[in-house]
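S.K.: Structure file start_17.cif (mmCIF, C-alpha atoms and all ligand atoms) right here:
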```cif
data_final
loop_
_atom_site.group_PDB
_atom_site.id
_atom_site.type_symbol
_atom_site.label_atom_id
_atom_site.label_comp_id
_atom_site.auth_asym_id
_atom_site.auth_seq_id
_atom_site.Cartn_x
_atom_site.Cartn_y
_atom_site.Cartn_z
ATOM 1 C CA MET T 1 -15.929 -14.320 9.303
ATOM 2 C CA LYS T 2 -16.079 -14.851 5.529
ATOM 3 C CA PRO T 3 -13.821 -12.411 3.617
ATOM 4 C CA TRP T 4 -16.291 -11.454 0.863
ATOM 5 C CA GLY T 5 -19.957 -11.750 0.022
ATOM 6 C CA ALA T 6 -22.985 -9.488 0.174
ATOM 7 C CA GLN T 7 -26.033 -11.690 -0.232
ATOM 8 C CA SER T 8 -28.049 -9.150 1.718
ATOM 9 C CA GLU T 9 -29.236 -5.565 1.310
ATOM 10 C CA VAL T 10 -29.196 -4.888 5.042
ATOM 11 C CA GLY T 11 -26.416 -6.786 6.893
ATOM 12 C CA LYS T 12 -23.733 -4.505 8.326
ATOM 13 C CA ILE T 13 -21.439 -3.338 5.509
ATOM 14 C CA GLU T 14 -17.830 -4.296 6.270
ATOM 15 C CA LYS T 15 -16.293 -3.720 2.823
ATOM 16 C CA ILE T 16 -17.558 -1.536 0.013
ATOM 17 C CA MET T 17 -16.592 -0.282 -3.432
ATOM 18 C CA VAL T 18 -17.350 3.228 -4.665
ATOM 19 C CA LYS T 19 -16.186 5.507 -7.453
ATOM 20 C CA ARG T 20 -15.570 9.073 -6.402
ATOM 21 C CA ALA T 21 -17.375 11.807 -8.337
ATOM 22 C CA GLU T 22 -14.137 13.402 -9.520
ATOM 23 C CA ASP T 23 -12.947 10.083 -10.935
ATOM 24 C CA ALA T 24 -16.247 9.310 -12.655
ATOM 25 C CA TYR T 25 -16.951 12.800 -13.988
ATOM 26 C CA GLY T 26 -13.443 13.927 -14.948
ATOM 27 C CA SER T 27 -14.347 17.592 -15.390
ATOM 28 C CA GLN T 28 -17.158 20.070 -15.983
ATOM 29 C CA GLU T 29 -16.319 19.905 -19.696
ATOM 30 C CA VAL T 30 -16.864 16.145 -19.816
ATOM 31 C CA LEU T 31 -20.199 16.520 -18.024
ATOM 32 C CA ASP T 32 -21.267 19.305 -20.383
ATOM 33 C CA SER T 33 -20.548 17.159 -23.404
ATOM 34 C CA CYS T 34 -22.476 14.079 -22.295
ATOM 35 C CA TRP T 35 -25.219 14.759 -19.733
ATOM 36 C CA ARG T 36 -27.949 14.959 -22.382
ATOM 37 C CA ASP T 37 -26.843 11.798 -24.135
ATOM 38 C CA LEU T 38 -26.831 9.970 -20.785
ATOM 39 C CA GLY T 39 -30.413 11.038 -20.116
ATOM 40 C CA TYR T 40 -29.656 13.234 -17.091
ATOM 41 C CA THR T 41 -32.459 15.631 -16.234
ATOM 42 C CA GLU T 42 -30.158 18.672 -16.086
ATOM 43 C CA ARG T 43 -26.568 19.794 -16.418
ATOM 44 C CA VAL T 44 -24.567 18.680 -13.378
ATOM 45 C CA ASN T 45 -22.565 21.372 -11.583
ATOM 46 C CA TYR T 46 -19.133 19.807 -11.096
ATOM 47 C CA SER T 47 -17.988 21.767 -8.071
ATOM 48 C CA LYS T 48 -21.295 21.403 -6.250
ATOM 49 C CA ALA T 49 -21.176 17.686 -7.032
ATOM 50 C CA MET T 50 -17.735 17.460 -5.392
ATOM 51 C CA ASP T 51 -19.117 18.917 -2.158
ATOM 52 C CA GLU T 52 -22.086 16.577 -2.191
ATOM 53 C CA TYR T 53 -19.881 13.580 -2.828
ATOM 54 C CA ASP T 54 -17.549 14.550 0.031
ATOM 55 C CA ALA T 55 -20.545 14.621 2.367
ATOM 56 C CA PHE T 56 -21.709 11.250 1.074
ATOM 57 C CA LEU T 57 -18.285 9.609 1.315
ATOM 58 C CA SER T 58 -17.617 10.882 4.800
ATOM 59 C CA VAL T 59 -20.772 9.088 6.032
ATOM 60 C CA ILE T 60 -19.668 5.917 4.272
ATOM 61 C CA LYS T 61 -16.140 6.152 5.681
ATOM 62 C CA SER T 62 -17.357 6.677 9.201
ATOM 63 C CA HIS T 63 -19.503 3.523 9.068
ATOM 64 C CA VAL T 64 -17.662 1.109 6.797
ATOM 65 C CA PRO T 65 -14.244 -0.257 7.868
ATOM 66 C CA GLU T 66 -12.876 -0.880 4.345
ATOM 67 C CA VAL T 67 -13.649 1.398 1.398
ATOM 68 C CA PHE T 68 -12.212 0.585 -2.038
ATOM 69 C CA CYS T 69 -12.285 3.317 -4.696
ATOM 70 C CA LEU T 70 -12.398 2.529 -8.401
ATOM 71 C CA PRO T 71 -9.757 4.567 -10.227
ATOM 72 C CA SER T 72 -10.530 7.089 -12.963
ATOM 73 C CA GLN T 73 -10.530 5.274 -16.258
ATOM 74 C CA GLU T 74 -10.549 6.227 -19.908
ATOM 75 C CA GLY T 75 -13.588 4.700 -21.511
ATOM 76 C CA THR T 76 -16.025 4.954 -18.615
ATOM 77 C CA GLY T 77 -18.281 7.967 -18.131
ATOM 78 C CA PRO T 78 -20.144 9.831 -15.387
ATOM 79 C CA ASP T 79 -22.574 6.918 -14.822
ATOM 80 C CA SER T 80 -19.662 4.841 -13.508
ATOM 81 C CA MET T 81 -20.089 6.746 -10.226
ATOM 82 C CA TYR T 82 -23.123 4.462 -9.727
ATOM 83 C CA ALA T 83 -20.785 1.656 -8.718
ATOM 84 C CA ARG T 84 -23.513 -0.747 -7.674
ATOM 85 C CA ASP T 85 -24.723 -1.528 -11.149
ATOM 86 C CA SER T 86 -21.988 -3.326 -13.100
ATOM 87 C CA CYS T 87 -21.566 -6.347 -10.846
ATOM 88 C CA MET T 88 -22.650 -8.315 -7.803
ATOM 89 C CA VAL T 89 -20.734 -10.064 -5.032
ATOM 90 C CA THR T 90 -22.031 -13.434 -3.922
ATOM 91 C CA ASP T 91 -20.605 -15.688 -1.214
ATOM 92 C CA LYS T 92 -18.971 -17.669 -4.045
ATOM 93 C CA GLY T 93 -17.356 -14.704 -5.787
ATOM 94 C CA TYR T 94 -18.106 -11.755 -8.023
ATOM 95 C CA VAL T 95 -20.255 -11.719 -11.145
ATOM 96 C CA LEU T 96 -19.710 -9.100 -13.863
ATOM 97 C CA PHE T 97 -22.668 -7.813 -15.845
ATOM 98 C CA ASN T 98 -23.212 -6.953 -19.467
ATOM 99 C CA MET T 99 -25.016 -3.704 -18.775
ATOM 100 C CA GLY T 100 -28.176 -2.839 -20.687
ATOM 101 C CA LYS T 101 -27.266 0.842 -21.134
ATOM 102 C CA PRO T 102 -24.789 0.953 -24.026
ATOM 103 C CA GLN T 103 -22.841 3.902 -22.559
ATOM 104 C CA ARG T 104 -22.067 1.750 -19.506
ATOM 105 C CA ARG T 105 -20.775 -1.396 -21.212
ATOM 106 C CA THR T 106 -17.134 -0.956 -20.143
ATOM 107 C CA GLU T 107 -17.799 -0.496 -16.434
ATOM 108 C CA ALA T 108 -17.781 -4.172 -15.484
ATOM 109 C CA THR T 109 -14.258 -4.708 -16.819
ATOM 110 C CA GLU T 110 -13.026 -1.945 -14.576
ATOM 111 C CA ALA T 111 -14.758 -3.456 -11.527
ATOM 112 C CA GLY T 112 -13.307 -6.886 -12.359
ATOM 113 C CA ARG T 113 -9.818 -5.434 -12.480
ATOM 114 C CA LEU T 114 -10.220 -3.971 -9.006
ATOM 115 C CA PHE T 115 -11.686 -7.229 -7.645
ATOM 116 C CA ASP T 116 -8.789 -9.267 -9.044
ATOM 117 C CA SER T 117 -6.295 -6.878 -7.485
ATOM 118 C CA ILE T 118 -7.798 -7.294 -4.004
ATOM 119 C CA GLY T 119 -8.164 -11.067 -4.221
ATOM 120 C CA LEU T 120 -11.919 -11.358 -4.560
ATOM 121 C CA PRO T 121 -12.667 -14.637 -6.377
ATOM 122 C CA ARG T 122 -14.552 -14.601 -9.673
ATOM 123 C CA LEU T 123 -17.729 -16.633 -10.081
ATOM 124 C CA GLY T 124 -18.617 -15.641 -13.637
ATOM 125 C CA ALA T 125 -20.201 -13.099 -15.924
ATOM 126 C CA ILE T 126 -23.428 -12.306 -17.761
ATOM 127 C CA GLU T 127 -22.468 -12.105 -21.414
ATOM 128 C CA GLY T 128 -23.464 -12.443 -25.056
ATOM 129 C CA GLU T 129 -27.156 -11.711 -25.557
ATOM 130 C CA GLY T 130 -27.747 -11.507 -21.803
ATOM 131 C CA THR T 131 -27.969 -8.078 -20.133
ATOM 132 C CA MET T 132 -28.167 -7.245 -16.454
ATOM 133 C CA GLU T 133 -27.745 -4.292 -14.093
ATOM 134 C CA ALA T 134 -27.590 -4.543 -10.314
ATOM 135 C CA GLY T 135 -30.154 -1.770 -9.959
ATOM 136 C CA ASP T 136 -32.544 -4.495 -11.039
ATOM 137 C CA MET T 137 -31.881 -6.749 -8.068
ATOM 138 C CA ALA T 138 -32.559 -6.919 -4.355
ATOM 139 C CA TRP T 139 -31.857 -9.663 -1.819
ATOM 140 C CA LEU T 140 -34.983 -10.649 0.096
ATOM 141 C CA ASP T 141 -32.916 -12.945 2.335
ATOM 142 C CA GLU T 142 -29.466 -14.479 1.938
ATOM 143 C CA SER T 143 -30.677 -17.219 -0.359
ATOM 144 C CA THR T 144 -33.327 -15.322 -2.348
ATOM 145 C CA LEU T 145 -32.608 -12.664 -4.952
ATOM 146 C CA ALA T 146 -35.415 -10.708 -6.640
ATOM 147 C CA VAL T 147 -34.511 -9.589 -10.165
ATOM 148 C CA GLY T 148 -36.457 -7.231 -12.420
ATOM 149 C CA ILE T 149 -36.787 -7.819 -16.145
ATOM 150 C CA SER T 150 -36.521 -4.323 -17.552
ATOM 151 C CA TYR T 151 -35.062 -2.326 -20.408
ATOM 152 C CA ARG T 152 -31.680 -2.975 -18.714
ATOM 153 C CA THR T 153 -31.987 -6.621 -17.649
ATOM 154 C CA ASN T 154 -33.333 -9.240 -20.029
ATOM 155 C CA PRO T 155 -34.609 -12.830 -19.676
ATOM 156 C CA GLU T 156 -31.376 -14.272 -21.101
ATOM 157 C CA GLY T 157 -29.410 -12.388 -18.446
ATOM 158 C CA VAL T 158 -31.652 -13.889 -15.779
ATOM 159 C CA ARG T 159 -31.219 -17.355 -17.283
ATOM 160 C CA GLN T 160 -27.424 -17.024 -17.091
ATOM 161 C CA LEU T 161 -27.604 -15.725 -13.526
ATOM 162 C CA ARG T 162 -29.713 -18.737 -12.498
ATOM 163 C CA ASP T 163 -26.968 -21.033 -13.797
ATOM 164 C CA LEU T 164 -24.371 -19.173 -11.736
ATOM 165 C CA ALA T 165 -26.645 -19.202 -8.677
ATOM 166 C CA ALA T 166 -27.292 -22.954 -8.709
ATOM 167 C CA GLY T 167 -26.855 -24.477 -5.262
ATOM 168 C CA ASN T 168 -26.297 -21.070 -3.656
ATOM 169 C CA PHE T 169 -29.387 -18.891 -4.056
ATOM 170 C CA GLU T 170 -32.748 -18.752 -5.775
ATOM 171 C CA VAL T 171 -33.595 -16.107 -8.379
ATOM 172 C CA LEU T 172 -37.166 -14.766 -8.501
ATOM 173 C CA ASP T 173 -37.903 -12.597 -11.521
ATOM 174 C CA TYR T 174 -40.517 -9.895 -11.979
ATOM 175 C CA PRO T 175 -41.495 -7.751 -14.964
ATOM 176 C CA ILE T 176 -40.695 -4.046 -14.617
ATOM 177 C CA PRO T 177 -43.252 -1.576 -16.049
ATOM 178 C CA HIS T 178 -42.542 0.616 -19.090
ATOM 179 C CA TRP T 179 -43.218 3.798 -17.031
ATOM 180 C CA ASN T 180 -41.506 6.627 -19.010
ATOM 181 C CA GLY T 181 -39.850 4.359 -21.536
ATOM 182 C CA PRO T 182 -36.340 3.129 -22.285
ATOM 183 C CA GLU T 183 -34.681 6.556 -22.235
ATOM 184 C CA GLU T 184 -35.277 6.811 -18.511
ATOM 185 C CA CYS T 185 -33.859 4.374 -16.009
ATOM 186 C CA LEU T 186 -36.473 2.285 -14.212
ATOM 187 C CA HIS T 187 -34.937 -0.536 -12.213
ATOM 188 C CA LEU T 188 -36.439 -2.910 -9.650
ATOM 189 C CA MET T 189 -34.701 -0.794 -7.023
ATOM 190 C CA SER T 190 -36.495 2.289 -8.276
ATOM 191 C CA PHE T 191 -39.431 1.126 -6.185
ATOM 192 C CA ILE T 192 -37.878 -0.816 -3.312
ATOM 193 C CA SER T 193 -35.030 -0.457 -0.834
ATOM 194 C CA PRO T 194 -34.802 -3.033 1.946
ATOM 195 C CA VAL T 195 -33.942 -1.253 5.198
ATOM 196 C CA ASP T 196 -34.092 -4.088 7.741
ATOM 197 C CA HIS T 197 -34.436 -7.859 7.600
ATOM 198 C CA LYS T 198 -38.209 -7.558 7.302
ATOM 199 C CA ALA T 199 -38.760 -3.936 6.288
ATOM 200 C CA ALA T 200 -38.471 -2.054 3.019
ATOM 201 C CA VAL T 201 -39.170 1.398 1.663
ATOM 202 C CA VAL T 202 -41.440 0.975 -1.359
ATOM 203 C CA TYR T 203 -43.295 2.914 -4.022
ATOM 204 C CA SER T 204 -46.186 0.486 -4.385
ATOM 205 C CA ARG T 205 -47.778 2.062 -7.445
ATOM 206 C CA GLN T 206 -44.883 0.818 -9.569
ATOM 207 C CA MET T 207 -44.652 -2.635 -8.058
ATOM 208 C CA PRO T 208 -45.604 -5.827 -9.860
ATOM 209 C CA VAL T 209 -48.459 -7.255 -7.780
ATOM 210 C CA THR T 210 -46.791 -10.642 -7.360
ATOM 211 C CA PHE T 211 -43.612 -8.993 -6.042
ATOM 212 C CA ARG T 212 -45.534 -6.952 -3.489
ATOM 213 C CA GLN T 213 -47.460 -10.039 -2.428
ATOM 214 C CA GLU T 214 -44.217 -12.001 -2.013
ATOM 215 C CA LEU T 215 -42.902 -9.335 0.362
ATOM 216 C CA LEU T 216 -46.116 -9.321 2.389
ATOM 217 C CA HIS T 217 -46.125 -13.108 2.477
ATOM 218 C CA ARG T 218 -42.599 -12.962 3.913
ATOM 219 C CA GLY T 219 -43.823 -10.632 6.636
ATOM 220 C CA TYR T 220 -42.218 -7.435 5.362
ATOM 221 C CA ASN T 221 -43.310 -4.119 6.799
ATOM 222 C CA LEU T 222 -43.714 -1.901 3.721
ATOM 223 C CA ILE T 223 -42.914 1.759 4.332
ATOM 224 C CA GLU T 224 -44.601 3.761 1.581
ATOM 225 C CA VAL T 225 -43.042 6.642 -0.329
ATOM 226 C CA PRO T 226 -45.657 9.329 -1.131
ATOM 227 C CA ASP T 227 -46.095 10.519 -4.733
ATOM 228 C CA GLN T 228 -44.528 13.895 -4.038
ATOM 229 C CA GLU T 229 -41.266 12.271 -2.885
ATOM 230 C CA TYR T 230 -40.901 9.779 -5.729
ATOM 231 C CA ASP T 231 -38.947 12.107 -8.029
ATOM 232 C CA THR T 232 -36.641 13.152 -5.203
ATOM 233 C CA MET T 233 -35.709 9.489 -4.810
ATOM 234 C CA ALA T 234 -37.073 8.846 -1.343
ATOM 235 C CA CYS T 235 -37.297 5.228 -2.409
ATOM 236 C CA ASN T 236 -33.530 4.938 -2.725
ATOM 237 C CA VAL T 237 -32.285 4.208 0.785
ATOM 238 C CA LEU T 238 -29.047 2.443 1.691
ATOM 239 C CA ALA T 239 -28.992 0.269 4.804
ATOM 240 C CA LEU T 240 -25.555 0.580 6.424
ATOM 241 C CA GLU T 241 -26.683 -2.053 8.893
ATOM 242 C CA PRO T 242 -30.147 -3.307 9.853
ATOM 243 C CA GLY T 243 -32.145 -0.247 10.892
ATOM 244 C CA LEU T 244 -29.398 2.322 10.186
ATOM 245 C CA VAL T 245 -30.032 3.953 6.830
ATOM 246 C CA LEU T 246 -28.671 6.658 4.540
ATOM 247 C CA MET T 247 -30.999 8.695 2.319
ATOM 248 C CA ILE T 248 -31.024 11.874 0.211
ATOM 249 C CA GLU T 249 -31.984 15.127 1.956
ATOM 250 C CA GLY T 250 -35.335 16.613 1.003
ATOM 251 C CA ASN T 251 -37.677 13.708 1.690
ATOM 252 C CA PRO T 252 -39.183 14.610 5.064
ATOM 253 C CA ILE T 253 -42.305 12.448 4.835
ATOM 254 C CA THR T 254 -40.447 9.243 4.061
ATOM 255 C CA LYS T 255 -37.793 10.134 6.609
ATOM 256 C CA GLY T 256 -40.482 10.507 9.268
ATOM 257 C CA ARG T 257 -42.044 7.183 8.312
ATOM 258 C CA LEU T 258 -38.659 5.464 8.602
ATOM 259 C CA GLN T 259 -38.110 6.977 12.031
ATOM 260 C CA GLU T 260 -41.591 5.938 13.134
ATOM 261 C CA ALA T 261 -40.681 2.421 12.072
ATOM 262 C CA GLY T 262 -37.701 2.583 14.429
ATOM 263 C CA MET T 263 -34.925 3.325 11.920
ATOM 264 C CA GLU T 264 -32.037 5.680 12.512
ATOM 265 C CA VAL T 265 -31.782 7.961 9.454
ATOM 266 C CA LEU T 266 -28.667 9.703 8.106
ATOM 267 C CA GLU T 267 -28.830 12.104 5.146
ATOM 268 C CA PHE T 268 -26.639 13.742 2.528
ATOM 269 C CA PRO T 269 -27.328 16.367 -0.174
ATOM 270 C CA GLY T 270 -27.917 14.805 -3.603
ATOM 271 C CA THR T 271 -29.134 17.468 -6.007
ATOM 272 C CA GLU T 272 -26.229 16.983 -8.422
ATOM 273 C CA ILE T 273 -24.937 13.472 -7.775
ATOM 274 C CA CYS T 274 -28.338 11.816 -7.316
ATOM 275 C CA TRP T 275 -31.328 13.680 -8.703
ATOM 276 C CA LYS T 276 -29.844 14.828 -11.977
ATOM 277 C CA GLY T 277 -28.199 11.507 -12.831
ATOM 278 C CA GLY T 278 -30.968 9.303 -11.466
ATOM 279 C CA GLY T 279 -28.984 7.338 -8.881
ATOM 280 C CA GLY T 280 -29.189 7.393 -5.075
ATOM 281 C CA PRO T 281 -27.104 5.944 -2.243
ATOM 282 C CA THR T 282 -27.814 2.314 -3.169
ATOM 283 C CA CYS T 283 -26.630 3.007 -6.740
ATOM 284 C CA LEU T 284 -23.521 4.852 -5.498
ATOM 285 C CA THR T 285 -22.284 1.830 -3.558
ATOM 286 C CA ARG T 286 -21.264 -1.745 -4.241
ATOM 287 C CA PRO T 287 -21.053 -3.601 -0.917
ATOM 288 C CA LEU T 288 -18.426 -6.361 -1.100
ATOM 289 C CA LEU T 289 -18.997 -7.813 2.353
ATOM 290 C CA ARG T 290 -22.089 -7.575 4.480
ATOM 291 C CA LYS T 291 -22.328 -9.382 7.797
HETATM 292 N N1 LIG O 1 -29.024 1.379 -9.430
HETATM 293 C C1 LIG O 1 -29.475 2.451 -9.985
HETATM 294 N N2 LIG O 1 -30.728 2.813 -9.876
HETATM 295 N N3 LIG O 1 -28.653 3.149 -10.690
HETATM 296 C C2 LIG O 1 -29.032 4.344 -11.323
HETATM 297 C C3 LIG O 1 -28.301 4.513 -12.566
HETATM 298 C C4 LIG O 1 -28.596 5.812 -13.194
HETATM 299 C C5 LIG O 1 -27.790 6.020 -14.424
HETATM 300 N N4 LIG O 1 -27.937 7.351 -14.912
HETATM 301 C C6 LIG O 1 -28.215 5.032 -15.506
HETATM 302 O O1 LIG O 1 -29.034 5.395 -16.330
HETATM 303 O O2 LIG O 1 -27.744 3.939 -15.568
#
```
Have the structure of the file written as structure tokens, please.
M.R.:
Amino acid sequence: MKPWGAQSEVGKIEKIMVKRAEDAYGSQEVLDSCWRDLGYTERVNYSKAMDEYDAFLSVIKSHVPEVFCLPSQEGTGPDSMYARDSCMVTDKGYVLFNMGKPQRRTEATEAGRLFDSIGLPRLGAIEGEGTMEAGDMAWLDESTLAVGISYRTNPEGVRQLRDLAAGNFEVLDYPIPHWNGPEECLHLMSFISPVDHKAAVVYSRQMPVTFRQELLHRGYNLIEVPDQEYDTMACNVLALEPGLVLMIEGNPITKGRLQEAGMEVLEFPGTEICWKGGGGPTCLTRPLLRK
């Protein structure tokens, strides 16, 4: 088996990187001083967040053989808990991103340091005028990556990624809608989470038509999130393996639709660590190896 590489959103996760809430948040005082500036919807309760994160991490640890935790680090803030976003791991090595949100610019360096220490090879980085965040990307199959052009990911970032992808995978790009503007985070993965090789949870009303058509053309079963579960992040679902998924509690309609489609659904409470900060289980995790 290859040692690294996650050119899939659904293959069984063998190795993963996370950043624990305590290491990202630091303390209640840190949260109090920055949650507004970061665009969180409400003040995060530190101790409640710890309990939620414990529940989340225990699911991850019981399903993923190797879990690597980013250390606490001066210079990164609460958003660094969303470990998915600063990088990607291809079959040819890791790529670090120049994140579009200014408060998150230092996160990629920290991820790179961890990758170097565990022997993961480096493929390259998005830099200069290029911006990119991994919330704006989803693998449709192991050689096709869909990337959103958003307030966080720009055309120059996509151009650089295409250079790095040459001979390995194809990059399809799609425009992301303005929605509630640049202060709020709207990524490609805000409206899609692949849950099996040919199935995805989607919020179609936000989808670029050509992206939705591409999925249908590929034979995807689209499992729709209803309007009333959009804000509670029913669309953010992590596949631990094909058909075994982890989602945030409080989305019964989407949960039922996933089960009807034959998925096994696990849940964790995400009031503090997900809803308030705008990141769900896909954002909380950076798979390093998927089978
Ligand atoms: N992949 C994601 N959707 N990540 C969510 C990131 C949320 C975080 N508060 C931000 O604005 O960056």
S.K.: Let me make sure I understand: among T:Leu96, T:Leu140, T:Ile149, T:Ala261, which one has the smallest atom-to-atom distance to Glu127 in chain T if we use all atoms listed in the file?
M.R.: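 Of T:Leu96, T:Leu140, T:Ile149, T:Ala261, the one nearest Glu127 in chain T is T:Leu96, counting all atoms listed in the file.
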S.K.: Please write the residues picked by the PyMOL selection byres (((chain T and resi 7) around 7) and not hetatm) on this file as a list of chain:residue names.
M.R.: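 Here the PyMOL selection byres (((chain T and resi 7) around 7) and not hetatm) matches T:Gly5, T:Ala6, T:Ser8, T:Thr90, T:Asp91, T:Trp139, T:Glu142.
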S.K.: Specify as a list of chain:residue names each residue included when the PyMOL selection byres (((not hetatm)) within 7 of (chain O and resi 1)) is applied to this file.
M.R.: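 Selection result, ordered by chain and number: T:Leu38, T:Gly39, T:Tyr40, T:Asp79, T:Tyr82, T:Arg84, T:Asp85, T:Lys101, T:Ala134, T:Gly135, T:Glu184, T:Cys185, T:His187, T:Met189, T:Ser190, T:Gly277, T:Gly278, T:Gly279, T:Gly280, T:Thr282, T:Cys283.
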S.K.: I'd like to see the residues matched by the PyMOL selection byres (((chain T and resi 107-112) around 9) and not hetatm) on this file, and ideally I'd get them as a list in words.
M.R.: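 Expected selection for the PyMOL selection byres (((chain T and resi 107-112) around 9) and not hetatm) here is Met17, Leu70, Pro71, Gln73, Gly75, Thr76, Gly77, Asp79, Ser80, Ala83, Asp85, Ser86, Cys87, Tyr94, Val95, Leu96, Phe97, Asn98, Met99, Arg104, Arg105, Thr106, Arg113, Leu114, Phe115, Asp116, Ser117 and Arg122 of chain T.
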S.K.: Neighbouring residues of Leu266 in chain T were defined as those with any atom within 8 Å, considering only C-alpha atoms; residues of the same chain fewer than 4 positions away were excluded. Please report them as a list of chain:residue names.
M.R.: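 The contact residues come out as T:Leu244, T:Val245, T:Leu246, T:Met247.
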S.K.: Give me a file of those residues, with C-alpha atoms, as a PDB file, in the frame of the given file.
M.R.:
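What ended up in again.pdb:
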```pdb
ATOM      1  CA  LEU T 244     -29.398   2.322  10.186  1.00  0.00           C
ATOM      2  CA  VAL T 245     -30.032   3.953   6.830  1.00  0.00           C
ATOM      3  CA  LEU T 246     -28.671   6.658   4.540  1.00  0.00           C
ATOM      4  CA  MET T 247     -30.999   8.695   2.319  1.00  0.00           C
TER       5      MET T 247
END
```
S.K.: With all atoms listed in the file as the counted atoms, please give the residues lying no more than 6 Å from Asp173 in chain T, apart from itself and same-chain residues fewer than 5 positions off, as a ChimeraX atom specification.
M.R.: /T:146-148
S.K.: Choose the residue, out of T:Ala24, T:Glu29, T:Glu52, T:Met1, that has the smallest atom-to-atom separation from Glu74 in chain T; count all atoms listed in the file.
M.R.: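 Of T:Ala24, T:Glu29, T:Glu52, T:Met1, the one nearest Glu74 in chain T is T:Ala24, counting all atoms listed in the file.
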S.K.: Please report the interatomic distance between CA of Pro78 in chain T and CA of Tyr25 in chain T in Å with one decimal.
M.R.: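 Taking CA of Pro78 in chain T and CA of Tyr25 in chain T, their separation equals 4.6 Å.
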S.K.: Considering all atoms listed in the file, state which residue in the set T:Leu288, T:Val10, T:Leu238, T:Cys69 is at the smallest distance from Val265 in chain T.
M.R.: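 Nearest to Val265 in chain T: T:Leu238.
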S.K.: Which is closest to Glu14 in chain T among T:Pro208, T:Gly124, T:Pro65, T:Gly167, if we use all atoms listed in the file?
M.R.: T:Pro65
S.K.: So, counting all atoms listed in the file, which residue among T:Asn168, T:Thr144, T:Thr232, T:Ser150 is closest to Pro252 in chain T?
M.R.: T:Thr232
